[in-house]
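> Handing over work_12.cif, mmCIF, C-alpha atoms and all ligand atoms.
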```cif
data_upload
#
loop_
_atom_site.group_PDB
_atom_site.id
_atom_site.type_symbol
_atom_site.label_atom_id
_atom_site.label_comp_id
_atom_site.auth_asym_id
_atom_site.auth_seq_id
_atom_site.Cartn_x
_atom_site.Cartn_y
_atom_site.Cartn_z
ATOM 1 C CA MET A 291 0.000 0.000 0.000
ATOM 2 C CA PRO A 292 1.188 3.541 -0.592
ATOM 3 C CA ARG A 293 2.055 5.841 2.299
ATOM 4 C CA LEU A 294 1.930 9.624 2.288
ATOM 5 C CA ASP A 295 5.723 9.591 2.068
ATOM 6 C CA ARG A 296 6.074 6.586 -0.260
ATOM 7 C CA ARG A 297 4.281 6.026 -3.542
ATOM 8 C CA SER A 298 3.719 2.794 -5.431
ATOM 9 C CA PRO A 299 6.834 1.609 -7.232
ATOM 10 C CA SER A 300 7.961 3.101 -10.513
ATOM 11 C CA VAL A 301 11.413 3.517 -11.998
ATOM 12 C CA LEU A 302 12.371 5.965 -14.727
ATOM 13 C CA LEU A 303 15.483 5.149 -16.748
ATOM 14 C CA THR A 304 17.148 7.903 -18.747
ATOM 15 C CA LEU A 305 19.253 6.672 -21.650
ATOM 16 C CA ASN A 306 20.604 9.741 -23.419
ATOM 17 C CA ASP A 307 17.404 11.277 -24.726
ATOM 18 C CA THR A 308 15.175 8.234 -24.362
ATOM 19 C CA LEU A 309 13.102 7.606 -21.251
ATOM 20 C CA LEU A 310 11.848 4.206 -20.130
ATOM 21 C CA LEU A 311 9.247 3.995 -17.406
ATOM 22 C CA ILE A 312 9.248 0.715 -15.534
ATOM 23 C CA ASP A 313 5.974 -0.032 -13.734
ATOM 24 C CA CYS A 314 3.412 2.675 -13.269
ATOM 25 C CA GLY A 315 1.609 2.400 -9.961
ATOM 26 C CA GLU A 316 -0.968 4.800 -8.671
ATOM 27 C CA GLY A 317 0.540 8.250 -8.209
ATOM 28 C CA THR A 318 3.273 7.867 -10.813
ATOM 29 C CA GLN A 319 1.908 10.824 -12.816
ATOM 30 C CA PHE A 320 2.187 13.054 -9.768
ATOM 31 C CA ALA A 321 5.757 11.900 -9.210
ATOM 32 C CA LEU A 322 6.613 12.669 -12.847
ATOM 33 C CA LEU A 323 5.204 16.165 -12.344
ATOM 34 C CA GLU A 324 6.988 16.632 -9.035
ATOM 35 C CA TYR A 325 10.361 15.669 -10.495
ATOM 36 C CA LYS A 326 9.746 17.749 -13.634
ATOM 37 C CA ILE A 327 10.098 14.858 -16.064
ATOM 38 C CA LYS A 328 9.442 15.614 -19.714
ATOM 39 C CA VAL A 329 6.873 12.861 -20.172
ATOM 40 C CA SER A 330 6.709 13.234 -23.954
ATOM 41 C CA LYS A 331 10.196 11.683 -23.978
ATOM 42 C CA ILE A 332 8.934 8.452 -22.433
ATOM 43 C CA ARG A 333 9.338 6.026 -25.334
ATOM 44 C CA TYR A 334 8.666 2.739 -23.538
ATOM 45 C CA VAL A 335 6.578 1.682 -20.572
ATOM 46 C CA LEU A 336 7.617 -1.701 -19.196
ATOM 47 C CA LEU A 337 5.170 -3.397 -16.845
ATOM 48 C CA SER A 338 6.261 -6.242 -14.594
ATOM 49 C CA HIS A 339 2.780 -7.541 -13.797
ATOM 50 C CA LEU A 340 -0.808 -6.500 -13.428
ATOM 51 C CA HIS A 341 -1.146 -6.151 -9.654
ATOM 52 C CA ALA A 342 -2.732 -2.767 -8.946
ATOM 53 C CA ASP A 343 0.315 -1.200 -7.274
ATOM 54 C CA HIS A 344 2.346 -1.740 -10.466
ATOM 55 C CA CYS A 345 -0.017 -0.693 -13.232
ATOM 56 C CA MET A 346 -2.948 1.394 -11.985
ATOM 57 C CA GLY A 347 -1.250 4.666 -12.869
ATOM 58 C CA LEU A 348 -0.965 3.713 -16.522
ATOM 59 C CA PHE A 349 -4.416 4.608 -17.834
ATOM 60 C CA GLY A 350 -4.240 8.076 -16.277
ATOM 61 C CA LEU A 351 -0.817 8.714 -17.795
ATOM 62 C CA LEU A 352 -1.918 7.513 -21.242
ATOM 63 C CA SER A 353 -4.981 9.766 -21.028
ATOM 64 C CA THR A 354 -2.789 12.748 -20.156
ATOM 65 C CA PHE A 355 -0.762 12.057 -23.324
ATOM 66 C CA ASN A 356 -4.038 12.414 -25.282
ATOM 67 C CA LEU A 357 -4.757 15.773 -23.625
ATOM 68 C CA GLN A 358 -1.212 16.921 -24.358
ATOM 69 C CA ASN A 359 -1.682 16.060 -28.065
ATOM 70 C CA ARG A 360 1.246 13.712 -27.899
ATOM 71 C CA ALA A 361 2.501 12.725 -31.356
ATOM 72 C CA ASN A 362 5.508 10.553 -30.420
ATOM 73 C CA PRO A 363 4.991 6.814 -30.548
ATOM 74 C CA LEU A 364 4.748 4.915 -27.271
ATOM 75 C CA THR A 365 5.327 1.223 -26.764
ATOM 76 C CA ILE A 366 3.917 -0.585 -23.746
ATOM 77 C CA ILE A 367 5.488 -3.933 -22.939
ATOM 78 C CA GLY A 368 4.203 -6.336 -20.318
ATOM 79 C CA PRO A 369 2.499 -9.648 -19.585
ATOM 80 C CA TYR A 370 -0.636 -10.939 -21.291
ATOM 81 C CA GLY A 371 -3.678 -9.075 -20.028
ATOM 82 C CA ILE A 372 -2.610 -5.483 -20.700
ATOM 83 C CA ARG A 373 -4.502 -5.407 -23.980
ATOM 84 C CA GLU A 374 -7.717 -6.583 -22.335
ATOM 85 C CA LEU A 375 -7.233 -4.180 -19.414
ATOM 86 C CA LEU A 376 -6.700 -1.147 -21.645
ATOM 87 C CA HIS A 377 -9.376 -2.222 -24.109
ATOM 88 C CA THR A 378 -11.956 -2.433 -21.299
ATOM 89 C CA LEU A 379 -10.953 0.930 -19.840
ATOM 90 C CA CYS A 380 -11.026 2.574 -23.283
ATOM 91 C CA SER A 381 -14.380 1.052 -24.096
ATOM 92 C CA VAL A 382 -16.184 2.108 -20.894
ATOM 93 C CA THR A 383 -14.625 5.584 -20.902
ATOM 94 C CA ASN A 384 -15.018 6.077 -24.666
ATOM 95 C CA THR A 385 -11.304 6.773 -25.045
ATOM 96 C CA ILE A 386 -9.450 6.613 -28.350
ATOM 97 C CA TRP A 387 -5.689 7.049 -28.374
ATOM 98 C CA LYS A 388 -4.647 9.937 -30.601
ATOM 99 C CA TYR A 389 -0.976 8.960 -30.786
ATOM 100 C CA PRO A 390 0.739 5.815 -32.057
ATOM 101 C CA LEU A 391 0.428 3.337 -29.192
ATOM 102 C CA GLU A 392 1.897 -0.130 -29.571
ATOM 103 C CA LEU A 393 1.120 -2.911 -27.121
ATOM 104 C CA VAL A 394 3.528 -5.813 -26.791
ATOM 105 C CA GLU A 395 2.251 -8.670 -24.650
ATOM 106 C CA LEU A 396 4.880 -11.192 -23.662
ATOM 107 C CA PRO A 397 4.886 -14.589 -21.989
ATOM 108 C CA ALA A 398 6.200 -14.180 -18.440
ATOM 109 C CA ASP A 399 7.817 -17.615 -18.216
ATOM 110 C CA VAL A 400 10.512 -17.311 -20.881
ATOM 111 C CA VAL A 401 13.303 -14.930 -21.856
ATOM 112 C CA CYS A 402 12.234 -12.428 -24.539
ATOM 113 C CA HIS A 403 14.055 -9.619 -26.359
ATOM 114 C CA PRO A 404 11.370 -7.019 -27.063
ATOM 115 C CA VAL A 405 13.539 -3.953 -27.700
ATOM 116 C CA GLU A 406 16.600 -3.503 -29.882
ATOM 117 C CA GLU A 407 17.546 0.159 -30.180
ATOM 118 C CA LEU A 408 20.739 1.610 -31.578
ATOM 119 C CA SER A 409 22.245 2.207 -28.167
ATOM 120 C CA PHE A 410 20.479 -0.280 -25.868
ATOM 121 C CA THR A 411 18.475 -3.489 -25.664
ATOM 122 C CA VAL A 412 15.714 -4.626 -23.341
ATOM 123 C CA SER A 413 15.320 -8.281 -22.467
ATOM 124 C CA THR A 414 13.027 -10.068 -20.043
ATOM 125 C CA PHE A 415 13.300 -12.959 -17.610
ATOM 126 C CA PRO A 416 10.735 -14.776 -15.448
ATOM 127 C CA LEU A 417 10.007 -13.792 -11.835
ATOM 128 C CA ARG A 418 8.160 -16.014 -9.355
ATOM 129 C CA HIS A 419 5.079 -14.223 -8.094
ATOM 130 C CA LYS A 420 1.342 -14.715 -7.590
ATOM 131 C CA LEU A 421 0.596 -13.427 -11.103
ATOM 132 C CA PRO A 422 2.715 -13.888 -14.251
ATOM 133 C CA CYS A 423 5.547 -11.450 -13.571
ATOM 134 C CA ILE A 424 8.328 -10.199 -15.825
ATOM 135 C CA GLY A 425 11.821 -9.049 -14.848
ATOM 136 C CA TYR A 426 13.568 -6.560 -17.136
ATOM 137 C CA LYS A 427 17.170 -6.067 -18.143
ATOM 138 C CA VAL A 428 18.245 -2.903 -19.959
ATOM 139 C CA GLN A 429 21.739 -3.107 -21.403
ATOM 140 C CA GLU A 430 23.728 -0.471 -23.203
ATOM 141 C CA LYS A 431 25.168 -1.479 -26.561
ATOM 142 C CA ARG A 432 28.382 -0.345 -28.104
ATOM 143 C CA SER A 433 27.098 1.217 -31.320
ATOM 144 C CA THR A 434 30.319 2.702 -32.689
ATOM 145 C CA PHE A 435 33.997 1.936 -32.331
ATOM 146 C CA SER A 436 36.505 4.705 -31.722
ATOM 147 C CA LEU A 437 39.356 3.827 -34.095
ATOM 148 C CA ASP A 438 43.008 4.366 -33.211
ATOM 149 C CA LYS A 439 44.384 5.854 -36.472
ATOM 150 C CA ARG A 440 47.929 4.727 -35.599
ATOM 151 C CA LYS A 441 46.800 1.120 -35.872
ATOM 152 C CA LEU A 442 45.128 1.429 -39.302
ATOM 153 C CA PRO A 443 47.081 -0.285 -42.135
ATOM 154 C CA GLU A 444 48.373 2.048 -44.858
ATOM 155 C CA ASP A 445 46.559 0.236 -47.646
ATOM 156 C CA LEU A 446 43.184 0.430 -45.894
ATOM 157 C CA PRO A 447 40.625 1.761 -48.420
ATOM 158 C CA GLY A 448 39.100 5.020 -47.087
ATOM 159 C CA ASP A 449 35.524 3.760 -47.206
ATOM 160 C CA TRP A 450 36.417 0.841 -44.940
ATOM 161 C CA ILE A 451 37.050 3.173 -42.005
ATOM 162 C CA GLY A 452 33.309 3.774 -41.729
ATOM 163 C CA LYS A 453 32.651 0.027 -41.818
ATOM 164 C CA LEU A 454 35.134 -0.630 -39.028
ATOM 165 C CA ALA A 455 33.694 2.222 -36.940
ATOM 166 C CA LYS A 456 30.246 0.640 -37.287
ATOM 167 C CA GLY A 457 31.606 -2.632 -35.988
ATOM 168 C CA GLU A 458 32.005 -4.507 -39.284
ATOM 169 C CA ALA A 459 35.079 -6.566 -40.100
ATOM 170 C CA VAL A 460 36.765 -6.006 -43.479
ATOM 171 C CA ALA A 461 38.647 -8.415 -45.782
ATOM 172 C CA TRP A 462 41.219 -7.888 -48.563
ATOM 173 C CA SER A 463 41.198 -9.988 -51.725
ATOM 174 C CA ASP A 464 44.484 -11.622 -50.628
ATOM 175 C CA GLY A 465 42.717 -13.116 -47.582
ATOM 176 C CA ARG A 466 43.838 -10.642 -44.929
ATOM 177 C CA THR A 467 41.096 -9.556 -42.530
ATOM 178 C CA LEU A 468 40.763 -6.814 -39.951
ATOM 179 C CA THR A 469 38.226 -6.608 -37.110
ATOM 180 C CA PRO A 470 37.219 -3.367 -35.383
ATOM 181 C CA GLU A 471 38.524 -4.713 -32.078
ATOM 182 C CA GLU A 472 42.058 -4.910 -33.550
ATOM 183 C CA VAL A 473 42.196 -1.207 -34.369
ATOM 184 C CA ALA A 474 39.840 0.421 -31.844
ATOM 185 C CA PHE A 475 40.590 2.073 -28.530
ATOM 186 C CA PRO A 476 39.439 0.007 -25.533
ATOM 187 C CA ALA A 477 35.675 0.446 -25.279
ATOM 188 C CA PRO A 478 34.200 2.362 -22.355
ATOM 189 C CA PRO A 479 32.294 0.061 -20.018
ATOM 190 C CA ARG A 480 28.664 -0.462 -20.922
ATOM 191 C CA ARG A 481 26.055 0.185 -18.293
ATOM 192 C CA SER A 482 23.316 -2.259 -17.384
ATOM 193 C CA PHE A 483 20.237 -2.244 -15.178
ATOM 194 C CA ALA A 484 17.894 -4.991 -14.036
ATOM 195 C CA TYR A 485 14.510 -4.725 -12.384
ATOM 196 C CA CYS A 486 13.094 -7.473 -10.159
ATOM 197 C CA SER A 487 9.703 -6.689 -8.715
ATOM 198 C CA ASP A 488 7.738 -8.538 -7.425
ATOM 199 C CA THR A 489 9.375 -11.861 -6.723
ATOM 200 C CA ASP A 490 9.655 -14.691 -4.280
ATOM 201 C CA PHE A 491 13.231 -15.372 -3.128
ATOM 202 C CA ASP A 492 14.933 -16.958 -6.129
ATOM 203 C CA LEU A 493 18.700 -17.440 -6.309
ATOM 204 C CA THR A 494 18.397 -18.874 -9.816
ATOM 205 C CA LEU A 495 17.714 -15.296 -10.962
ATOM 206 C CA SER A 496 21.485 -14.933 -11.009
ATOM 207 C CA GLU A 497 21.484 -16.811 -14.344
ATOM 208 C CA HIS A 498 19.931 -13.673 -15.807
ATOM 209 C CA LEU A 499 21.554 -11.078 -13.570
ATOM 210 C CA LEU A 500 25.196 -12.106 -13.689
ATOM 211 C CA GLY A 501 27.432 -9.044 -13.787
ATOM 212 C CA ILE A 502 24.612 -6.482 -14.020
ATOM 213 C CA GLY A 503 25.764 -3.002 -13.023
ATOM 214 C CA THR A 504 22.755 -1.801 -11.044
ATOM 215 C CA LEU A 505 20.130 -4.202 -9.753
ATOM 216 C CA TYR A 506 16.787 -3.000 -8.429
ATOM 217 C CA HIS A 507 15.230 -5.737 -6.307
ATOM 218 C CA GLU A 508 12.094 -5.622 -4.243
ATOM 219 C CA ALA A 509 12.480 -5.885 -0.464
ATOM 220 C CA THR A 510 8.973 -6.016 0.934
ATOM 221 C CA PHE A 511 9.837 -7.408 4.386
ATOM 222 C CA ASP A 512 12.541 -7.621 7.036
ATOM 223 C CA ASP A 513 14.030 -10.912 8.232
ATOM 224 C CA SER A 514 11.399 -11.470 10.933
ATOM 225 C CA LEU A 515 8.673 -11.723 8.261
ATOM 226 C CA LYS A 516 10.304 -14.342 6.073
ATOM 227 C CA ASP A 517 7.273 -16.627 6.372
ATOM 228 C CA ARG A 518 4.988 -13.843 5.233
ATOM 229 C CA ALA A 519 7.335 -13.273 2.280
ATOM 230 C CA ARG A 520 6.910 -16.928 1.212
ATOM 231 C CA LEU A 521 3.141 -16.727 1.590
ATOM 232 C CA THR A 522 2.797 -13.563 -0.493
ATOM 233 C CA LYS A 523 5.594 -14.467 -2.932
ATOM 234 C CA HIS A 524 7.734 -11.498 -2.032
ATOM 235 C CA SER A 525 11.318 -11.127 -0.804
ATOM 236 C CA THR A 526 13.012 -9.868 2.334
ATOM 237 C CA ALA A 527 15.818 -7.336 2.107
ATOM 238 C CA SER A 528 18.354 -10.040 3.024
ATOM 239 C CA GLU A 529 17.060 -12.263 0.255
ATOM 240 C CA ALA A 530 17.408 -9.423 -2.263
ATOM 241 C CA ALA A 531 20.992 -9.009 -1.039
ATOM 242 C CA ALA A 532 21.659 -12.739 -1.442
ATOM 243 C CA VAL A 533 20.508 -12.513 -5.073
ATOM 244 C CA ALA A 534 22.737 -9.458 -5.632
ATOM 245 C CA LYS A 535 25.734 -11.250 -4.110
ATOM 246 C CA GLN A 536 25.208 -14.433 -6.081
ATOM 247 C CA SER A 537 24.810 -12.382 -9.281
ATOM 248 C CA ARG A 538 27.989 -10.361 -8.609
ATOM 249 C CA VAL A 539 26.228 -7.103 -9.470
ATOM 250 C CA LYS A 540 27.948 -3.804 -8.702
ATOM 251 C CA GLU A 541 25.155 -2.112 -6.773
ATOM 252 C CA LEU A 542 21.827 -3.104 -5.268
ATOM 253 C CA ILE A 543 18.896 -0.714 -4.975
ATOM 254 C CA LEU A 544 16.087 -1.842 -2.679
ATOM 255 C CA GLY A 545 12.466 -0.773 -3.113
ATOM 256 C CA HIS A 546 8.836 -1.905 -2.781
ATOM 257 C CA PHE A 547 8.838 -1.748 1.019
ATOM 258 C CA SER A 548 5.751 -2.794 2.950
ATOM 259 C CA SER A 549 3.801 0.222 4.195
ATOM 260 C CA ARG A 550 4.214 -1.129 7.754
ATOM 261 C CA TYR A 551 7.763 0.352 7.738
ATOM 262 C CA ALA A 552 7.891 4.088 8.427
ATOM 263 C CA SER A 553 11.685 3.809 8.269
ATOM 264 C CA VAL A 554 13.476 1.218 6.134
ATOM 265 C CA GLU A 555 16.810 1.512 7.939
ATOM 266 C CA LEU A 556 16.445 -1.994 9.382
ATOM 267 C CA LEU A 557 15.858 -3.478 5.918
ATOM 268 C CA GLU A 558 18.825 -1.605 4.457
ATOM 269 C CA GLN A 559 21.063 -2.801 7.296
ATOM 270 C CA GLU A 560 19.960 -6.423 6.973
ATOM 271 C CA ALA A 561 20.768 -6.298 3.256
ATOM 272 C CA LYS A 562 24.111 -4.549 3.808
ATOM 273 C CA ASN A 563 25.201 -7.334 6.164
ATOM 274 C CA ILE A 564 25.112 -9.633 3.120
ATOM 275 C CA PHE A 565 25.795 -7.205 0.269
ATOM 276 C CA PRO A 566 27.461 -3.948 1.433
ATOM 277 C CA ARG A 567 26.889 -1.948 -1.734
ATOM 278 C CA THR A 568 23.147 -1.630 -1.046
ATOM 279 C CA ILE A 569 21.010 1.502 -1.073
ATOM 280 C CA ALA A 570 17.384 1.697 0.071
ATOM 281 C CA ALA A 571 15.550 3.842 -2.460
ATOM 282 C CA TYR A 572 13.134 6.608 -1.458
ATOM 283 C CA ASP A 573 10.700 8.638 -3.551
ATOM 284 C CA GLY A 574 12.743 10.819 -5.871
ATOM 285 C CA PHE A 575 15.966 8.827 -5.352
ATOM 286 C CA GLU A 576 18.335 9.226 -8.319
ATOM 287 C CA THR A 577 21.439 7.254 -9.181
ATOM 288 C CA ASP A 578 23.829 6.691 -12.068
ATOM 289 C CA ILE A 579 23.556 3.220 -13.553
ATOM 290 C CA MET A 580 26.749 1.224 -13.025
ATOM 291 C CA PRO A 581 28.773 -0.432 -15.770
ATOM 292 C CA THR A 582 28.368 -4.134 -16.303
ATOM 293 C CA SER A 583 30.914 -5.923 -14.128
ATOM 294 C CA ILE A 584 31.326 -8.999 -16.314
ATOM 295 C CA ASP A 585 31.396 -8.107 -19.995
HETATM 296 ZN ZN ZN B 1 2.609 -8.034 -7.061
#
```
Is it possible to express this structure as structure tokens?

Amino acid sequence: MPRLDRRSPSVLLTLNDTLLLIDCGEGTQFALLEYKIKVSKIRYVLLSHLHADHCMGLFGLLSTFNLQNRANPLTIIGPYGIRELLHTLCSVTNTIWKYPLELVELPADVVCHPVEELSFTVSTFPLRHKLPCIGYKVQEKRSTFSLDKRKLPEDLPGDWIGKLAKGEAVAWSDGRTLTPEEVAFPAPPRRSFAYCSDTDFDLTLSEHLLGIGTLYHEATFDDSLKDRARLTKHSTASEAAAVAKQSRVKELILGHFSSRYASVELLEQEAKNIFPRTIAAYDGFETDIMPTSID
């Protein structure tokens, strides 16, 4: 449940000029206003599952886009059921979207690769929860290679430089080949982010999370409520930390705290005992996404 000082979960990722909104609980629109986010730049909305605290802000936000005469395309990605949900809401409220809106429904039990942009990709992985629930991974791509001119062979045709910079290998008629890696400066580390909410404790998630830079993981309960976590298919802060440790991520961000906690210091401390590089998020918390640790 929300509290006056803590809204339903939602994460906004900024990738250069592209914004991705992950989950859209009640109150997300107000948060976007409060933090002065240019909502027309939201290109993707990724929904983990259809429990109310993760998706009930969506229809309001989409309706605002209509009122703002949005023209940019928007893609909503999430589990099966979104189409029916939005269709029903549109039908009873007589709403027609005035901007290009694409819905991508995905199976929650397999890995999918719904987004391939020039500079990043989005892939999904299964979470264990009471409803079909999708985890998301957003990974930066290396789109161009910065070539070290000193390493370029003298007989390299001029138009091959562009090919190498784009990541293509080139080959001479005498059989010699050259790959971009051979003549490029070492690449800057690529950043990566993963989102796990909501989920029962699941160490096998590390298959999907290995080396992720920044991991957001739900932490609904403290250690004393482990049984309740199993019953409701949620995680404790310590369990989130165990997943982060096993996955060798760089940083763990905790969120989705039960409204019974006015302060989440205890949860943060319990997680830090297992995985020191842990931060408990609060409304408006901002951080730089870390580079992938295993590339
Ligand atoms: Zn849920």
> Could I get the residue neighbourhood of ligand ZN 1 (chain B) at 8 Å, counting all atoms listed in the file, as a PyMOL selection string?
chain A and resi 339-344+419-421+423+487-489+524
> Name the residues, using the chain letters and numbers of the file, that sit within 12 Å of (20.9, -3.9, 5.9) when counting all atoms listed in the file, and give them as a PyMOL selection string.
chain A and resi 509+511-513+526-532+542-544+554-570
> Which residues fall under the PyMOL selection byres (((chain A and resi 347) around 9) and not hetatm) in this file, as a PyMOL selection string?
chain A and resi 313-319+342-346+348-352
> Those residues you just picked out, can you put them in a file as a short mmCIF file (atom, residue, chain, number, x, y, z; two decimals), in the frame of the given file with C-alpha atoms?

```cif
data_model
loop_
_atom_site.label_atom_id
_atom_site.label_comp_id
_atom_site.auth_asym_id
_atom_site.auth_seq_id
_atom_site.Cartn_x
_atom_site.Cartn_y
_atom_site.Cartn_z
CA ASP A 313 5.97 -0.03 -13.73
CA CYS A 314 3.41 2.68 -13.27
CA GLY A 315 1.61 2.40 -9.96
CA GLU A 316 -0.97 4.80 -8.67
CA GLY A 317 0.54 8.25 -8.21
CA THR A 318 3.27 7.87 -10.81
CA GLN A 319 1.91 10.82 -12.82
CA ALA A 342 -2.73 -2.77 -8.95
CA ASP A 343 0.32 -1.20 -7.27
CA HIS A 344 2.35 -1.74 -10.47
CA CYS A 345 -0.02 -0.69 -13.23
CA MET A 346 -2.95 1.39 -11.98
CA LEU A 348 -0.96 3.71 -16.52
CA PHE A 349 -4.42 4.61 -17.83
CA GLY A 350 -4.24 8.08 -16.28
CA LEU A 351 -0.82 8.71 -17.80
CA LEU A 352 -1.92 7.51 -21.24
#
```
> How far is it from atom CA of A:Asp445 to atom CA of A:Phe475, in Å with one decimal?
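Interatomic distance here is 20.1 Å.
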> Could you give me, as a tab-separated table, a per-residue list for stretch 414-450 of chain A showing, wherever an atom lies at most 12 Å from an atom of stretch 364-374 of chain A, the closest pair of atoms and their distance in Å to one decimal, using all atoms listed in the file and sorting by chain then residue number from low to high?

```
residue	atom	partner	partner_atom	distance
A:Thr414	CA	A:Gly368	CA	9.6
A:Phe415	CA	A:Pro369	CA	11.5
A:Pro416	CA	A:Pro369	CA	10.5
A:Leu417	CA	A:Pro369	CA	11.6
A:Leu421	CA	A:Pro369	CA	9.5
A:Pro422	CA	A:Pro369	CA	6.8
A:Cys423	CA	A:Pro369	CA	7.0
A:Ile424	CA	A:Pro369	CA	7.0
A:Gly425	CA	A:Gly368	CA	9.8
A:Tyr426	CA	A:Gly368	CA	9.9
```
> Print the selection's residues with C-alpha atoms to a file, as a PDB file, in the coordinates of the input.

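As written to disk, part15.pdb reads:
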```pdb
ATOM      1  CA  THR A 414      13.027 -10.068 -20.043  1.00  0.00           C
ATOM      2  CA  PHE A 415      13.300 -12.959 -17.610  1.00  0.00           C
ATOM      3  CA  PRO A 416      10.735 -14.776 -15.448  1.00  0.00           C
ATOM      4  CA  LEU A 417      10.007 -13.792 -11.835  1.00  0.00           C
ATOM      5  CA  LEU A 421       0.596 -13.427 -11.103  1.00  0.00           C
ATOM      6  CA  PRO A 422       2.715 -13.888 -14.251  1.00  0.00           C
ATOM      7  CA  CYS A 423       5.547 -11.450 -13.571  1.00  0.00           C
ATOM      8  CA  ILE A 424       8.328 -10.199 -15.825  1.00  0.00           C
ATOM      9  CA  GLY A 425      11.821  -9.049 -14.848  1.00  0.00           C
ATOM     10  CA  TYR A 426      13.568  -6.560 -17.136  1.00  0.00           C
TER      11      TYR A 426
END
```
> Distance cut-off 8 Å, centre (8.4, 1.5, -6.7) in file coordinates, counting all atoms listed in the file: which residues qualify? Return them as a VMD selection string.
chain A and resid 297 to 301 313 315 344 545 to 546
> Give me the residues within 8 Å of A:Thr308 as a list of chain:residue names, counting all atoms listed in the file and dropping any in the same chain fewer than 5 places off.
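Counting only the stated atoms, we get A:Lys331, A:Ile332, A:Arg333.
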> Quick one: residues within 8 Å of A:Gly457, all atoms listed in the file counted, chain neighbours fewer than 4 positions away excluded, as a ChimeraX atom specification?
/A:433-435,453,469-470
> Between atom CA of A:Ile312 and atom CA of A:Val394, what is the distance, to one decimal in Å?
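According to the coordinates, atom CA of A:Ile312 and atom CA of A:Val394 are separated by 14.2 Å.
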> Between A:Gln536, A:Gln358, A:Thr577, A:Ser353, which one has atoms that come closest to A:Leu379, using all atoms listed in the file?
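Closest residue, counting all atoms listed in the file: A:Ser353.
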> Compare A:Leu446, A:Leu468, A:Leu303, A:Val428 by their minimum atom-to-atom distance to A:Glu407, counting only C-alpha atoms, and give me the closest one.
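For A:Glu407, the nearest of the candidates is A:Val428.
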> Do you have the atom CA of A:Asp517-atom CA of A:Arg538 distance handy?
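According to the coordinates, atom CA of A:Asp517 and atom CA of A:Arg538 are separated by 26.3 Å.
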> For A:Asn362, which residue out of A:Ile584, A:Val460, A:Cys380, A:Glu392 is the nearest one, using only C-alpha atoms?
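Once distances to A:Asn362 are computed over only C-alpha atoms, the minimum belongs to A:Glu392.
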